[in-house]
Structure formats: structure tokens, C-alpha cells
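Novice: Below you'll find final.pdb; it's PDB, C-alpha atoms.
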```pdb
ATOM      1  CA  MET B   1     111.483 -74.282  73.158
ATOM      2  CA  THR B   2     113.567 -77.399  72.523
ATOM      3  CA  GLU B   3     116.220 -76.846  69.886
ATOM      4  CA  LEU B   4     116.136 -78.810  66.689
ATOM      5  CA  PRO B   5     119.292 -79.612  64.717
ATOM      6  CA  SER B   6     119.980 -76.964  62.094
ATOM      7  CA  SER B   7     120.098 -79.712  59.464
ATOM      8  CA  ILE B   8     116.376 -80.136  60.094
ATOM      9  CA  THR B   9     115.323 -76.506  60.462
ATOM     10  CA  ASP B  10     117.299 -75.540  57.367
ATOM     11  CA  SER B  11     115.488 -78.170  55.317
ATOM     12  CA  ILE B  12     111.970 -76.939  56.095
ATOM     13  CA  GLY B  13     110.220 -75.788  52.941
ATOM     14  CA  LYS B  14     112.902 -77.084  50.587
ATOM     15  CA  PRO B  15     112.293 -79.828  47.995
ATOM     16  CA  GLN B  16     114.285 -82.945  48.844
ATOM     17  CA  TYR B  17     114.917 -86.297  47.205
ATOM     18  CA  PRO B  18     113.649 -85.491  43.722
ATOM     19  CA  LYS B  19     113.171 -88.793  41.991
ATOM     20  CA  THR B  20     111.618 -90.285  38.918
ATOM     21  CA  ALA B  21     110.060 -93.703  39.336
ATOM     22  CA  ASN B  22     112.050 -96.514  37.740
ATOM     23  CA  PHE B  23     108.901 -98.260  36.607
ATOM     24  CA  PRO B  24     105.880 -96.967  34.680
ATOM     25  CA  VAL B  25     102.340 -96.829  35.955
ATOM     26  CA  GLU B  26     100.564-100.043  35.090
ATOM     27  CA  SER B  27      96.971-101.185  35.331
ATOM     28  CA  SER B  28      97.828-104.619  36.642
ATOM     29  CA  TYR B  29      99.419-103.201  39.769
ATOM     30  CA  SER B  30      96.586-100.754  40.366
ATOM     31  CA  TRP B  31      94.122-103.644  40.108
ATOM     32  CA  ASN B  32      95.756-105.091  43.227
ATOM     33  CA  THR B  33      94.456-102.078  45.147
ATOM     34  CA  LEU B  34      91.004-102.430  43.604
ATOM     35  CA  SER B  35      91.021-106.102  44.519
ATOM     36  CA  ALA B  36      92.223-105.440  48.066
ATOM     37  CA  THR B  37      89.307-103.055  48.594
ATOM     38  CA  GLU B  38      86.771-104.967  46.467
ATOM     39  CA  ASN B  39      86.273-101.853  44.368
ATOM     40  CA  ALA B  40      84.177-102.650  41.293
ATOM     41  CA  ASN B  41      84.208 -99.145  39.789
ATOM     42  CA  PRO B  42      83.914 -99.894  36.045
ATOM     43  CA  LEU B  43      86.028 -96.863  35.240
ATOM     44  CA  TYR B  44      89.069 -98.979  36.092
ATOM     45  CA  TRP B  45      87.899-102.390  34.883
ATOM     46  CA  ASP B  46      85.942-101.652  31.694
ATOM     47  CA  GLU B  47      87.781-100.108  28.751
ATOM     48  CA  ALA B  48      84.529 -98.899  27.175
ATOM     49  CA  VAL B  49      83.619 -96.936  30.308
ATOM     50  CA  ALA B  50      87.154 -95.566  30.521
ATOM     51  CA  ALA B  51      87.017 -94.530  26.867
ATOM     52  CA  GLU B  52      83.743 -92.704  27.418
ATOM     53  CA  LEU B  53      84.653 -90.900  30.637
ATOM     54  CA  THR B  54      88.431 -90.477  30.697
ATOM     55  CA  ASN B  55      89.429 -90.952  27.062
ATOM     56  CA  GLY B  56      91.222 -94.181  27.949
ATOM     57  CA  MET B  57      92.275 -96.112  31.003
ATOM     58  CA  THR B  58      93.397 -94.354  34.165
ATOM     59  CA  VAL B  59      94.363 -95.722  37.562
ATOM     60  CA  PRO B  60      92.510 -95.084  40.838
ATOM     61  CA  PRO B  61      93.532 -91.708  42.283
ATOM     62  CA  SER B  62      94.106 -93.220  45.710
ATOM     63  CA  THR B  63      97.038 -95.189  44.271
ATOM     64  CA  LEU B  64      98.985 -91.942  43.844
ATOM     65  CA  SER B  65     101.649 -92.771  46.418
ATOM     66  CA  LEU B  66     102.118 -96.248  44.993
ATOM     67  CA  TRP B  67     104.173 -94.839  42.123
ATOM     68  CA  MET B  68     106.762 -93.239  44.427
ATOM     69  CA  ARG B  69     107.377 -96.323  46.477
ATOM     70  CA  PRO B  70     110.618 -98.128  45.671
ATOM     71  CA  HIS B  71     111.071-101.842  45.535
ATOM     72  CA  ARG B  72     112.152-103.054  48.955
ATOM     73  CA  TRP B  73     115.357-104.262  47.334
ATOM     74  CA  GLU B  74     116.922-103.792  43.943
ATOM     75  CA  PRO B  75     120.341-104.578  42.483
ATOM     76  CA  GLY B  76     123.029-102.515  44.143
ATOM     77  CA  ALA B  77     121.007-101.728  47.235
ATOM     78  CA  THR B  78     122.906-102.233  50.482
ATOM     79  CA  GLU B  79     120.004-101.555  52.825
ATOM     80  CA  GLU B  80     116.216-101.511  52.784
ATOM     81  CA  LEU B  81     114.869 -98.929  50.356
ATOM     82  CA  VAL B  82     112.106 -96.826  51.874
ATOM     83  CA  ALA B  83     109.498 -94.427  50.636
ATOM     84  CA  LEU B  84     109.207 -91.001  52.249
ATOM     85  CA  GLN B  85     112.901 -90.748  53.073
ATOM     86  CA  VAL B  86     112.412 -87.438  54.913
ATOM     87  CA  HIS B  87     110.265 -89.271  57.459
ATOM     88  CA  PHE B  88     113.048 -91.765  58.137
ATOM     89  CA  ASP B  89     115.671 -89.009  58.200
ATOM     90  CA  LEU B  90     113.711 -87.278  60.967
ATOM     91  CA  LYS B  91     113.397 -90.478  62.968
ATOM     92  CA  SER B  92     117.136 -90.940  62.762
ATOM     93  CA  ALA B  93     118.133 -87.318  63.408
ATOM     94  CA  LEU B  94     115.833 -87.023  66.413
ATOM     95  CA  ASN B  95     116.592 -90.499  67.757
ATOM     96  CA  LEU B  96     112.934 -91.524  67.646
ATOM     97  CA  PRO B  97     112.891 -95.233  66.828
ATOM     98  CA  GLU B  98     109.144 -95.648  66.211
ATOM     99  CA  ALA B  99     106.747 -93.711  64.022
ATOM    100  CA  ILE B 100     103.211 -93.774  62.761
ATOM    101  CA  MET B 101     101.198 -91.650  60.359
ATOM    102  CA  SER B 102      98.278 -89.778  61.891
ATOM    103  CA  ASP B 103      96.885 -87.634  59.049
ATOM    104  CA  ASN B 104      96.882 -87.845  55.292
ATOM    105  CA  THR B 105      95.658 -85.418  52.653
ATOM    106  CA  LEU B 106      95.350 -86.178  48.950
ATOM    107  CA  ILE B 107      94.706 -83.416  46.430
ATOM    108  CA  LEU B 108      94.110 -84.915  43.032
ATOM    109  CA  HIS B 109      94.798 -83.200  39.726
ATOM    110  CA  GLU B 110      95.454 -84.668  36.265
ATOM    111  CA  PRO B 111      94.458 -88.358  36.127
ATOM    112  CA  VAL B 112      97.314 -90.856  36.127
ATOM    113  CA  ARG B 113      97.359 -93.268  33.205
ATOM    114  CA  PRO B 114      99.061 -96.594  32.498
ATOM    115  CA  GLY B 115     102.421 -95.852  30.923
ATOM    116  CA  ASP B 116     102.923 -92.600  32.796
ATOM    117  CA  VAL B 117     106.233 -92.204  34.598
ATOM    118  CA  ILE B 118     105.801 -90.249  37.785
ATOM    119  CA  SER B 119     108.330 -87.904  39.341
ATOM    120  CA  HIS B 120     108.065 -86.554  42.837
ATOM    121  CA  HIS B 121     109.858 -84.669  45.567
ATOM    122  CA  GLN B 122     109.355 -84.356  49.307
ATOM    123  CA  ILE B 123     109.085 -81.160  51.333
ATOM    124  CA  LEU B 124     109.251 -80.985  55.121
ATOM    125  CA  ARG B 125     106.625 -78.389  56.013
ATOM    126  CA  SER B 126     106.751 -78.282  59.801
ATOM    127  CA  ILE B 127     107.849 -80.054  62.931
ATOM    128  CA  SER B 128     106.202 -79.744  66.325
ATOM    129  CA  GLU B 129     107.445 -79.164  69.791
ATOM    130  CA  PRO B 130     107.879 -82.369  71.831
ATOM    131  CA  LYS B 131     104.558 -84.113  72.488
ATOM    132  CA  THR B 132     103.462 -87.109  74.531
ATOM    133  CA  THR B 133     100.666 -89.408  73.346
ATOM    134  CA  LYS B 134      99.491 -92.824  74.446
ATOM    135  CA  LEU B 135     102.151 -94.327  72.177
ATOM    136  CA  GLY B 136     105.074 -92.424  73.663
ATOM    137  CA  SER B 137     106.974 -89.148  73.518
ATOM    138  CA  GLY B 138     108.218 -87.543  70.349
ATOM    139  CA  ARG B 139     107.314 -85.003  67.698
ATOM    140  CA  PHE B 140     104.799 -84.593  64.909
ATOM    141  CA  TRP B 141     105.949 -83.528  61.456
ATOM    142  CA  VAL B 142     104.247 -82.691  58.183
ATOM    143  CA  ILE B 143     105.736 -83.799  54.871
ATOM    144  CA  ASP B 144     104.287 -82.912  51.468
ATOM    145  CA  ILE B 145     104.949 -84.881  48.319
ATOM    146  CA  GLU B 146     104.289 -83.364  44.917
ATOM    147  CA  TYR B 147     103.785 -85.689  41.958
ATOM    148  CA  HIS B 148     104.149 -84.835  38.268
ATOM    149  CA  ASN B 149     103.838 -86.950  35.160
ATOM    150  CA  GLN B 150     106.426 -87.215  32.385
ATOM    151  CA  ASN B 151     105.011 -84.070  30.775
ATOM    152  CA  GLY B 152     105.584 -82.056  33.933
ATOM    153  CA  THR B 153     101.855 -81.883  34.644
ATOM    154  CA  LEU B 154     100.862 -81.903  38.290
ATOM    155  CA  VAL B 155      98.962 -85.100  39.050
ATOM    156  CA  GLY B 156      98.621 -84.730  42.805
ATOM    157  CA  ILE B 157      99.859 -83.462  46.123
ATOM    158  CA  GLU B 158      99.960 -85.607  49.187
ATOM    159  CA  SER B 159     100.564 -84.503  52.748
ATOM    160  CA  TYR B 160     101.435 -86.791  55.625
ATOM    161  CA  THR B 161     101.490 -85.980  59.320
ATOM    162  CA  GLY B 162     103.823 -88.387  61.052
ATOM    163  CA  PHE B 163     104.508 -88.903  64.730
ATOM    164  CA  GLY B 164     107.978 -90.122  65.591
ATOM    165  CA  TYR B 165     108.225 -91.384  69.136
ATOM    166  CA  ARG B 166     110.045 -93.332  71.780
ATOM    167  CA  ARG B 167     107.929 -95.724  73.795
ATOM    168  CA  ALA B 168     107.594 -94.907  77.487
ATOM    169  CA  GLU B 169     108.790 -98.294  78.739
ATOM    170  CA  VAL B 170     111.896 -98.051  76.585
ATOM    171  CA  GLN B 171     112.755 -94.730  78.193
ATOM    172  CA  ALA B 172     112.561 -96.169  81.734
TER
ATOM    173  CA  MET T   1      75.566 -96.664  33.652
ATOM    174  CA  SER T   2      73.864 -94.925  36.579
ATOM    175  CA  PHE T   3      75.356 -91.983  38.379
ATOM    176  CA  LEU T   4      74.418 -89.295  40.846
ATOM    177  CA  MET T   5      73.996 -85.721  39.740
ATOM    178  CA  LEU T   6      74.375 -82.662  41.927
ATOM    179  CA  GLU T   7      70.636 -82.024  41.885
ATOM    180  CA  ASP T   8      70.094 -85.469  43.447
ATOM    181  CA  ILE T   9      72.139 -84.563  46.520
ATOM    182  CA  SER T  10      71.260 -82.416  49.522
ATOM    183  CA  VAL T  11      73.000 -81.337  52.707
ATOM    184  CA  GLY T  12      72.364 -83.761  55.554
ATOM    185  CA  GLN T  13      71.816 -86.680  53.210
ATOM    186  CA  THR T  14      73.506 -89.847  54.415
ATOM    187  CA  LEU T  15      75.368 -92.401  52.354
ATOM    188  CA  PRO T  16      74.612 -96.119  52.593
ATOM    189  CA  PRO T  17      76.899 -97.647  55.243
ATOM    190  CA  LEU T  18      79.592-100.088  54.237
ATOM    191  CA  SER T  19      80.589-102.853  56.645
ATOM    192  CA  TYR T  20      83.622-105.026  56.126
ATOM    193  CA  ASP T  21      85.136-107.775  58.249
ATOM    194  CA  VAL T  22      88.874-107.115  58.357
ATOM    195  CA  THR T  23      91.224-110.082  58.405
ATOM    196  CA  ALA T  24      94.994-110.366  58.435
ATOM    197  CA  THR T  25      94.708-110.956  54.700
ATOM    198  CA  THR T  26      92.845-107.649  54.291
ATOM    199  CA  VAL T  27      95.710-105.831  56.008
ATOM    200  CA  VAL T  28      98.524-107.605  54.180
ATOM    201  CA  LEU T  29      96.828-107.507  50.789
ATOM    202  CA  GLY T  30      96.200-103.782  51.116
ATOM    203  CA  ALA T  31      99.726-103.032  52.273
ATOM    204  CA  LEU T  32     101.395-104.977  49.491
ATOM    205  CA  ALA T  33      98.979-103.625  46.874
ATOM    206  CA  SER T  34     100.098-100.138  47.872
ATOM    207  CA  ARG T  35     103.779-101.200  47.865
ATOM    208  CA  ASP T  36     104.044-100.511  51.581
ATOM    209  CA  TRP T  37     106.597-102.996  52.818
ATOM    210  CA  ARG T  38     106.839-101.676  56.390
ATOM    211  CA  PRO T  39     106.634-104.623  58.800
ATOM    212  CA  MET T  40     103.877-103.270  61.063
ATOM    213  CA  HIS T  41     101.482-104.043  58.222
ATOM    214  CA  HIS T  42     102.437-107.707  57.835
ATOM    215  CA  ASP T  43     104.553-108.799  60.813
ATOM    216  CA  TYR T  44     102.556-109.434  64.003
ATOM    217  CA  LYS T  45     105.631-109.605  66.231
ATOM    218  CA  PHE T  46     107.050-106.343  64.908
ATOM    219  CA  ALA T  47     103.702-104.567  65.287
ATOM    220  CA  THR T  48     103.073-105.755  68.820
ATOM    221  CA  VAL T  49     106.553-105.885  70.317
ATOM    222  CA  ARG T  50     108.273-103.022  68.487
ATOM    223  CA  ASN T  51     105.393-100.658  67.757
ATOM    224  CA  GLY T  52     103.318-101.547  70.794
ATOM    225  CA  THR T  53     100.109-101.934  68.817
ATOM    226  CA  ARG T  54      97.559-104.693  69.332
ATOM    227  CA  ASP T  55      98.187-106.373  65.992
ATOM    228  CA  ILE T  56      99.179-105.523  62.422
ATOM    229  CA  PHE T  57      96.986-102.699  61.155
ATOM    230  CA  LEU T  58      95.637-101.137  57.961
ATOM    231  CA  ASN T  59      98.178 -98.836  56.320
ATOM    232  CA  THR T  60      97.530 -95.270  55.232
ATOM    233  CA  PRO T  61      97.391 -95.651  51.416
ATOM    234  CA  ASN T  62      95.080 -98.626  51.771
ATOM    235  CA  LEU T  63      92.745 -96.574  53.953
ATOM    236  CA  ALA T  64      92.727 -93.962  51.191
ATOM    237  CA  ALA T  65      91.734 -96.685  48.751
ATOM    238  CA  TRP T  66      88.888 -97.797  51.018
ATOM    239  CA  PHE T  67      87.633 -94.203  51.179
ATOM    240  CA  GLU T  68      87.800 -93.986  47.399
ATOM    241  CA  ARG T  69      85.794 -97.173  47.047
ATOM    242  CA  TYR T  70      83.193 -95.976  49.555
ATOM    243  CA  ILE T  71      82.740 -92.613  47.844
ATOM    244  CA  THR T  72      82.571 -93.887  44.278
ATOM    245  CA  ASP T  73      80.288 -96.771  45.200
ATOM    246  CA  TRP T  74      77.858 -93.936  45.960
ATOM    247  CA  THR T  75      78.563 -91.510  43.119
ATOM    248  CA  GLY T  76      79.121 -94.011  40.348
ATOM    249  CA  PRO T  77      82.043 -93.777  37.923
ATOM    250  CA  ARG T  78      81.428 -90.149  36.979
ATOM    251  CA  GLY T  79      82.236 -89.104  40.534
ATOM    252  CA  ARG T  80      85.740 -87.631  40.595
ATOM    253  CA  ILE T  81      87.418 -87.186  43.961
ATOM    254  CA  GLY T  82      89.203 -83.873  44.290
ATOM    255  CA  ARG T  83      90.457 -84.007  47.814
ATOM    256  CA  MET T  84      90.485 -86.238  50.862
ATOM    257  CA  THR T  85      91.857 -85.440  54.311
ATOM    258  CA  PHE T  86      91.696 -88.148  56.874
ATOM    259  CA  ARG T  87      92.804 -88.428  60.473
ATOM    260  CA  MET T  88      93.687 -91.801  61.904
ATOM    261  CA  ARG T  89      92.692 -91.713  65.568
ATOM    262  CA  ASP T  90      92.912 -95.421  66.176
ATOM    263  CA  SER T  91      94.145 -98.373  64.174
ATOM    264  CA  ILE T  92      92.054-100.981  62.395
ATOM    265  CA  TYR T  93      93.118-104.545  63.099
ATOM    266  CA  PRO T  94      92.321-108.074  61.959
ATOM    267  CA  ASP T  95      89.026-109.322  63.412
ATOM    268  CA  ASP T  96      87.639-105.784  63.468
ATOM    269  CA  GLN T  97      84.426-105.097  61.592
ATOM    270  CA  MET T  98      84.957-101.646  60.122
ATOM    271  CA  VAL T  99      81.894 -99.630  59.228
ATOM    272  CA  PHE T 100      81.893 -96.608  56.946
ATOM    273  CA  ASN T 101      79.219 -93.942  57.408
ATOM    274  CA  ALA T 102      79.009 -90.512  55.833
ATOM    275  CA  SER T 103      76.836 -87.473  55.435
ATOM    276  CA  VAL T 104      76.768 -84.598  52.990
ATOM    277  CA  THR T 105      77.965 -81.384  54.623
ATOM    278  CA  ALA T 106      77.819 -79.049  51.617
ATOM    279  CA  THR T 107      77.020 -78.864  47.933
ATOM    280  CA  SER T 108      78.252 -76.153  45.597
ATOM    281  CA  THR T 109      79.066 -75.193  42.048
ATOM    282  CA  ASP T 110      82.381 -73.433  41.494
ATOM    283  CA  VAL T 111      83.072 -70.557  39.112
ATOM    284  CA  GLN T 112      84.023 -73.050  36.404
ATOM    285  CA  GLY T 113      80.654 -74.764  36.710
ATOM    286  CA  CYS T 114      81.969 -77.870  38.442
ATOM    287  CA  GLY T 115      79.561 -79.435  40.933
ATOM    288  CA  TRP T 116      81.033 -80.348  44.298
ATOM    289  CA  VAL T 117      79.857 -82.397  47.240
ATOM    290  CA  ASP T 118      81.575 -82.240  50.621
ATOM    291  CA  LEU T 119      81.376 -85.367  52.741
ATOM    292  CA  ASP T 120      82.038 -86.086  56.393
ATOM    293  CA  ILE T 121      83.005 -89.751  56.662
ATOM    294  CA  ALA T 122      83.725 -91.860  59.720
ATOM    295  CA  VAL T 123      85.103 -95.357  60.015
ATOM    296  CA  THR T 124      84.075 -97.024  63.235
ATOM    297  CA  VAL T 125      84.794-100.361  64.873
ATOM    298  CA  GLY T 126      82.197-100.987  67.534
ATOM    299  CA  ASP T 127      82.120 -97.805  69.567
ATOM    300  CA  ARG T 128      85.609 -96.741  68.436
ATOM    301  CA  THR T 129      85.844 -94.015  65.812
ATOM    302  CA  CYS T 130      89.055 -95.067  64.127
ATOM    303  CA  THR T 131      89.313 -92.634  61.233
ATOM    304  CA  THR T 132      87.481 -89.516  60.138
ATOM    305  CA  CYS T 133      87.677 -88.111  56.636
ATOM    306  CA  ASP T 134      86.649 -84.887  54.945
ATOM    307  CA  ALA T 135      86.252 -85.531  51.247
ATOM    308  CA  ARG T 136      85.358 -83.347  48.296
ATOM    309  CA  VAL T 137      84.031 -85.088  45.219
ATOM    310  CA  ALA T 138      82.904 -83.638  41.910
ATOM    311  CA  VAL T 139      79.662 -84.931  40.414
ATOM    312  CA  PRO T 140      77.902 -84.028  37.162
ATOM    313  CA  VAL T 141      75.682 -80.965  37.140
ATOM    314  CA  SER T 142      73.743 -82.297  34.143
ATOM    315  CA  GLN T 143      73.262 -85.493  32.156
ATOM    316  CA  SER T 144      75.926 -84.386  29.703
ATOM    317  CA  ASP T 145      78.446 -83.135  32.266
ATOM    318  CA  ASN T 146      81.510 -85.206  33.014
ATOM    319  CA  PRO T 147      83.828 -84.005  35.815
ATOM    320  CA  TRP T 148      86.642 -86.125  34.380
ATOM    321  CA  SER T 149      86.740 -83.925  31.283
ATOM    322  CA  ARG T 150      87.872 -80.916  33.329
ATOM    323  CA  ARG T 151      91.496 -79.914  32.871
ATOM    324  CA  GLY T 152      93.745 -77.076  33.968
ATOM    325  CA  GLU T 153      91.930 -74.151  35.533
ATOM    326  CA  ALA T 154      88.590 -75.871  35.016
ATOM    327  CA  TRP T 155      89.587 -78.381  37.688
ATOM    328  CA  ALA T 156      90.052 -76.754  41.099
ATOM    329  CA  PRO T 157      90.043 -79.436  43.790
TER
END
```
Using C-alpha cells, write down the structure from this file.
Specialist:
Amino acid sequence: MTELPSSITDSIGKPQYPKTANFPVESSYSWNTLSATENANPLYWDEAVAAELTNGMTVPPSTLSLWMRPHRWEPGATEELVALQVHFDLKSALNLPEAIMSDNTLILHEPVRPGDVISHHQILRSISEPKTTKLGSGRFWVIDIEYHNQNGTLVGIESYTGFGYRRAEVQA
Amino acid sequence: MSFLMLEDISVGQTLPPLSYDVTATTVVLGALASRDWRPMHHDYKFATVRNGTRDIFLNTPNLAAWFERYITDWTGPRGRIGRMTFRMRDSIYPDDQMVFNASVTATSTDVQGCGWVDLDIAVTVGDRTCTTCDARVAVPVSQSDNPWSRRGEAWAP
């Protein structure tokens, strides 16, 4: 078995990077996703339908991760701000310059509404032994993100499987 | 407002396919709509030279949004997605025609009376299966039922 740094193994299962979004959920931004996918579901476009079914407007559940993603830059930032910091920490700690996501799970709870302010934290669940794929050699890891609204109500859980890797030709 | 009810759905039933011609705009629009600023979703040179992929490609949250659209196009607005797990086997690039197909793998009613449909979805490009998805969506069990009204223990996705 290849050893992992203790900084990584010690972090498995522990909540990291708790953060509250610095902007509220808004319909106009969620409409960008509906537009990008040509999604005409009236639940998100028609206030009368939303009033009947969800007691007011909500945003599409698949936009869950949108509300954890920072601006790419904001005042005071000295480097690019990234979502899913644990993913980038692993890339750096394991010296794996490239990464992709291979699996994603969304478990959806309380609907998210315009005006909600979402908090979240990240949990590293597991990390694999070294693997080689057509992209290169590296490791898979699983990171969960739990999302709550401003009332502390669980709105969703998301799980990503990432593959951090080094391309074969770069190794040569 | 039309919608599917659980009694309308049976195991083995297939959903209408959805075909969509992906362009660079599709990829970039979806990435920026999901606030995903990573360059492999908008920068051809980064994607091809750094990542070693053929082109920029659809990002994960945008794929989730496409699955949502595909599922709720079928159920109507009363359909409430509880869970989606998808595996990205191959990327989807500009100039690909992606095609969504799905079949019903199970129907059930849970102890709270919520009606559930399990779906097996595949996104293909030509003969490539790019992404597979297992989804679980709640649908009404009666004309008066509304899955969106379920809260707390009555909602068990």
C-alpha cells in the first residue's frame, strides 16, 4: 500500500471549509441554468404554478452546487477562488496537476428558494490506491458536500468522485 | 397542467428520447450558468493541451441540469427529483449530438405514501455511452397528491 500524507488521512471524515455563501439564492441566476438547458418547466418560470405546487418560487434542484461556488475573484483575493477546496488541496498534496470528476450524486431535500442563504461544508470520504486510466496515473477520491439553508434545514447532499492524475507523457 | 401519476408508469416503460446538438456555446453557457469557472469548460487550449481532452467539455453541474430537464420534461412540474447518481465515462464536446434515453427500472410507494419511480438514463453520442445516470423521482399517487408538499420525515429521497 502506498502511504498517504497524514494530513490527508487525518482529514478523512471530518467537516472542512465550513462556509456561508456571500450572496443569496436568486431566481435570475438560476434562470441561466434553465436557459442553458432549454428547460421550460413552469415550476420555475410561472409564479402561479410555483404558488400552487411549492407555495412560492423555488430554484431548480440541480443548481444546488451553484450556491457554494465563489466568485472567481473578489476584493482582497490574491489568487483564484475555487469551489471544492478539498479537491484542490488533494491535487496539491499529492502532486497531481490534472483532475476530472467521474461521478456525481445529488440527494435533494428541502427546496431552495430565492432569498435563501446557503451554508455548506466539505468532507473527504475516501481516497483510493494509485490507479492508471487512459488519462494518466493518479488517485480517485470522494468528497461530500452538505448544504443547509439559513434555518439550518438540510437542503441537499452532493458527492463527487474526482480523479487527480499526472499525464503519462509528462511523466516521461 | 398535465402531469404523470404513478399509476401511469410501469417497469420497462421508456421515456421519449431527447437529442441536442452541442456547440461551444452550449458548453460555455452551461459552465458559466453553474458558476464553474474552470478553464477546461471554456478554454480550448487549456482543455486540449493541459487536460489532454479533445475539446472543451460539458461540466458536471450542467450535466445534472440536463438530467433534471430530461426527467421533468417527462413527469411534468409535479415530478420532484429525490436523487440522481451519474457516472461520466466519456466527455461531451462541441459538435457532438447528445441523445438522452431512459427506462423505468422500478416503481414503489414508500411507508409515507410517496410514489417513486426509478430511472436508468444514458446519454450517448453516436455509439459512445458518455454518461449513465440512476435517478429516483417522486410522482403523484393521486390527482390531489403533490410530492413537493412533503417535508421532514415524509420526504425520504
Novice: For Arg78 of chain T, list every protein, DNA or RNA residue within 12 Å, evaluated using all atoms listed in the file, and leave out those in the same chain fewer than 6 positions away; present the list as number ranges by chain.
Specialist: B: 41-44, 49-50, 52-54; T: 1-6, 71-72, 115, 137-150
Novice: Would you translate the ChimeraX specification (/B :<8) & /T into the concrete set of residues it matches in this file, as a ChimeraX atom specification?
Specialist: /T:26,29-30,33-37,50-52,60-62,64-66,68-69,72-73,76-78,81-89,146,148-149,151,155,157
Novice: Atoms to include: C-alpha atoms. Write the selected residues as a JSON list (two decimals), keeping the file's coordinate frame.
Specialist:
```json
[["chain", "number", "residue", "atom", "x", "y", "z"],
["T", 26, "THR", "CA", 92.84, -107.65, 54.29],
["T", 29, "LEU", "CA", 96.83, -107.51, 50.79],
["T", 30, "GLY", "CA", 96.20, -103.78, 51.12],
["T", 33, "ALA", "CA", 98.98, -103.62, 46.87],
["T", 34, "SER", "CA", 100.10, -100.14, 47.87],
["T", 35, "ARG", "CA", 103.78, -101.20, 47.86],
["T", 36, "ASP", "CA", 104.04, -100.51, 51.58],
["T", 37, "TRP", "CA", 106.60, -103.00, 52.82],
["T", 50, "ARG", "CA", 108.27, -103.02, 68.49],
["T", 51, "ASN", "CA", 105.39, -100.66, 67.76],
["T", 52, "GLY", "CA", 103.32, -101.55, 70.79],
["T", 60, "THR", "CA", 97.53, -95.27, 55.23],
["T", 61, "PRO", "CA", 97.39, -95.65, 51.42],
["T", 62, "ASN", "CA", 95.08, -98.63, 51.77],
["T", 64, "ALA", "CA", 92.73, -93.96, 51.19],
["T", 65, "ALA", "CA", 91.73, -96.68, 48.75],
["T", 66, "TRP", "CA", 88.89, -97.80, 51.02],
["T", 68, "GLU", "CA", 87.80, -93.99, 47.40],
["T", 69, "ARG", "CA", 85.79, -97.17, 47.05],
["T", 72, "THR", "CA", 82.57, -93.89, 44.28],
["T", 73, "ASP", "CA", 80.29, -96.77, 45.20],
["T", 76, "GLY", "CA", 79.12, -94.01, 40.35],
["T", 77, "PRO", "CA", 82.04, -93.78, 37.92],
["T", 78, "ARG", "CA", 81.43, -90.15, 36.98],
["T", 81, "ILE", "CA", 87.42, -87.19, 43.96],
["T", 82, "GLY", "CA", 89.20, -83.87, 44.29],
["T", 83, "ARG", "CA", 90.46, -84.01, 47.81],
["T", 84, "MET", "CA", 90.48, -86.24, 50.86],
["T", 85, "THR", "CA", 91.86, -85.44, 54.31],
["T", 86, "PHE", "CA", 91.70, -88.15, 56.87],
["T", 87, "ARG", "CA", 92.80, -88.43, 60.47],
["T", 88, "MET", "CA", 93.69, -91.80, 61.90],
["T", 89, "ARG", "CA", 92.69, -91.71, 65.57],
["T", 146, "ASN", "CA", 81.51, -85.21, 33.01],
["T", 148, "TRP", "CA", 86.64, -86.12, 34.38],
["T", 149, "SER", "CA", 86.74, -83.92, 31.28],
["T", 151, "ARG", "CA", 91.50, -79.91, 32.87],
["T", 155, "TRP", "CA", 89.59, -78.38, 37.69],
["T", 157, "PRO", "CA", 90.04, -79.44, 43.79]]
```
Novice: Evaluate the PyMOL selection byres ((chain B and resi 128-130) around 8) on the structure here and hand back the selected residues as a PyMOL selection string.
Specialist: chain B and resi 1-2+126-127+131-132+137-141
Novice: Could you work out how far atom CA of Cys114 of chain T lies from atom CA of Trp74 of chain T, giving the answer in Å with one decimal?
Specialist: 18.2 Å
Novice: In Å to one decimal, how far is atom CA of Gly79 of chain T from atom CA of Asn101 of chain T?
Specialist: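 Here the two named atoms are 17.8 Å from each other.
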Novice: Which distance in Å separates atom CA of Ile56 of chain T and atom CA of Ala24 of chain T, to one decimal?
Specialist: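 Computing the Euclidean distance for atom CA of Ile56 of chain T and atom CA of Ala24 of chain T yields 7.5 Å.
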Novice: Can you translate the PyMOL selection byres ((chain T and resi 120) around 9) into the concrete residues it hits in this file, as a count of residues only?
Specialist: 13
Novice: Please give the centre and size of the box around segment 12-17 of chain T (axis-aligned, containing every atom listed in the file, 5 Å added per side), with values in Å to one decimal and written as JSON.
Specialist:
```
{"center_x": 74.4, "center_y": -90.7, "center_z": 54.0, "size_x": 15.1, "size_y": 23.9, "size_z": 13.2}
```
Novice: With a distance cut-off of 8 Å and all atoms listed in the file, select the neighbouring residues of Val86 of chain B, excluding the residue or stretch itself and same-chain residues fewer than 6 positions from it, and output the selection as a ChimeraX atom specification.
Specialist: /B:16,122-124,143
Novice: Using all atoms listed in the file, pick whichever of B:Gln85, B:Thr133, B:Asn22, B:Ser28 has the shortest atom-to-atom distance to His121 of chain B.
Specialist: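 Of B:Gln85, B:Thr133, B:Asn22, B:Ser28, the one nearest His121 of chain B is B:Gln85, counting all atoms listed in the file.
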Novice: Can you pull out the residues contacting Tyr147 of chain B? Cut-off 6 Å, using all atoms listed in the file, and skip same-chain residues under 6 positions away; I want them as a PyMOL selection string.
Specialist: chain B and resi 119-120+155-156
Novice: Can you pull out the residues contacting His41 of chain T? Cut-off 8 Å, using all atoms listed in the file, and skip same-chain residues under 6 positions away; I want them as a list in words.
Specialist: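 Counting only the stated atoms, we get Val27, Val28, Ala31, Ala47, Ile56, Phe57, Leu58 and Asn59 of chain T.
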